[in-house]
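Q: Questions regarding the structure given below will be posed in turn.
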Amino acid sequence: MKILKISLLTLSLGLMSFSTININSNTFFKIKTLEALNWKNELVDVGSIPQGTPKLIVFEFKNTSDKSVSITNVKPACGCTATDYTKDAIAPGKLGYVKATFNAGVVGAFTKTVTVTTTADETPKVLTFKGSVEAKQ
């Protein structure tokens, strides 16, 4: 009887597959979420700009959701940037904007951000612009 149990156990284990399956958790468990706003550009390179000349950067977006979306807050990373944005609710399929006016006062390379909070997403969107300020000649 003991030999029969051992034989059945050995047979059962022999029929089982002990191979491992490697699952890349980055792709297998990733859930694709659709963003309500489709930004034309999230990074703008303004190139070289002259010192003392304000530079306007416009970030445009389209509301790709099925609900109206409002911008609730726009915050530049520093006092050298002033902002403006679409104040009214943006209907589905319509366009909106966030404008940043950079005061090019200090010579050298720069990278600045503007953080945008909306009613569509819990996580704010960080928009970036970069370039270099050249000294006046």
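Ordering of the structure tokens sets the chain letters (A, B, ...), residue numbers begin anew at 1 in every chain, and ligands are numbered from 1 in the order given.
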Applying 8 Å and only C-alpha atoms, which residues near segment 73-86 of chain A remain after dropping the ones on its own chain fewer than 6 positions away? List them as a short mmCIF file (atom, residue, chain, number, x, y, z; two decimals) with N, CA, C and O atoms, in the first residue's frame.
A:
```
data_model
loop_
_atom_site.label_atom_id
_atom_site.label_comp_id
_atom_site.auth_asym_id
_atom_site.auth_seq_id
_atom_site.Cartn_x
_atom_site.Cartn_y
_atom_site.Cartn_z
N GLY A 96 -8.35 74.57 -25.35
CA GLY A 96 -8.03 75.51 -24.29
C GLY A 96 -6.54 75.80 -24.32
O GLY A 96 -5.80 75.25 -25.14
N TYR A 97 -6.10 76.68 -23.42
CA TYR A 97 -4.69 77.05 -23.41
C TYR A 97 -4.21 77.40 -22.01
O TYR A 97 -4.99 77.73 -21.12
N VAL A 98 -2.91 77.31 -21.85
CA VAL A 98 -2.20 77.85 -20.70
C VAL A 98 -1.06 78.67 -21.29
O VAL A 98 -0.30 78.17 -22.11
N LYS A 99 -0.98 79.95 -20.91
CA LYS A 99 0.08 80.83 -21.41
C LYS A 99 1.05 81.14 -20.27
O LYS A 99 0.63 81.38 -19.15
N ALA A 100 2.32 81.13 -20.60
CA ALA A 100 3.36 81.49 -19.64
C ALA A 100 4.22 82.58 -20.28
O ALA A 100 4.68 82.42 -21.41
N THR A 101 4.39 83.68 -19.57
CA THR A 101 5.26 84.75 -20.06
C THR A 101 6.49 84.78 -19.17
O THR A 101 6.41 85.08 -17.98
N PHE A 102 7.62 84.44 -19.78
CA PHE A 102 8.88 84.32 -19.05
C PHE A 102 9.65 85.63 -19.16
O PHE A 102 9.88 86.15 -20.25
N ASN A 103 10.07 86.18 -18.02
CA ASN A 103 10.89 87.38 -17.98
C ASN A 103 12.35 86.97 -18.10
O ASN A 103 12.94 86.48 -17.15
N ALA A 104 12.91 87.18 -19.27
CA ALA A 104 14.27 86.74 -19.57
C ALA A 104 15.28 87.72 -18.99
O ALA A 104 15.95 88.45 -19.72
N LYS A 112 12.07 75.92 -16.97
CA LYS A 112 11.02 76.37 -16.06
C LYS A 112 9.78 75.48 -16.21
O LYS A 112 9.56 74.89 -17.26
N THR A 113 8.99 75.41 -15.15
CA THR A 113 7.78 74.60 -15.19
C THR A 113 6.57 75.43 -14.77
O THR A 113 6.68 76.43 -14.06
N VAL A 114 5.43 74.96 -15.24
CA VAL A 114 4.13 75.50 -14.85
C VAL A 114 3.26 74.29 -14.50
O VAL A 114 3.13 73.36 -15.29
N THR A 115 2.69 74.31 -13.30
CA THR A 115 1.86 73.19 -12.85
C THR A 115 0.39 73.56 -13.02
O THR A 115 -0.04 74.59 -12.53
N VAL A 116 -0.35 72.68 -13.71
CA VAL A 116 -1.74 72.94 -14.03
C VAL A 116 -2.63 71.91 -13.34
O VAL A 116 -2.44 70.70 -13.50
N THR A 117 -3.60 72.40 -12.57
CA THR A 117 -4.57 71.54 -11.91
C THR A 117 -5.93 71.73 -12.58
O THR A 117 -6.34 72.87 -12.83
N THR A 118 -6.61 70.60 -12.87
CA THR A 118 -7.91 70.66 -13.53
C THR A 118 -8.93 69.82 -12.78
O THR A 118 -8.57 69.04 -11.90
#
```
Q: Just list as JSON, numbers by chain whatever in segment 37-126 of chain A DSSP marks as strand (DSSP E or B).
A: {"A": [37, 38, 39, 43, 44, 45, 46, 47, 48, 49, 50, 55, 56, 57, 58, 59, 60, 61, 62, 63, 69, 71, 72, 73, 74, 75, 76, 81, 82, 83, 84, 85, 90, 95, 96, 97, 98, 99, 100, 101, 102, 108, 109, 110, 111, 112, 113, 114, 115, 116, 117, 118, 125, 126]}
Q: Using only C-alpha atoms, which protein or nucleic acid residues come within 9 Å of Gly52 of chain A? Drop anything in the same chain fewer than 6 positions from it, and give the result as a PyMOL selection string.
A: chain A and resi 103-106+133+135-136
Q: Would you compute the distance between atom CA of Lys40 of chain A and atom CA of Lys62 of chain A? Give it in Å to one decimal.
A: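 Computing it gives 7.9 Å between the two atoms.
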Q: Just the number, please: distance in Å from atom CA of Asp121 of chain A to atom CA of Val58 of chain A, one decimal.
A: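 For atom CA of Asp121 of chain A relative to atom CA of Val58 of chain A, the distance reads 20.6 Å.
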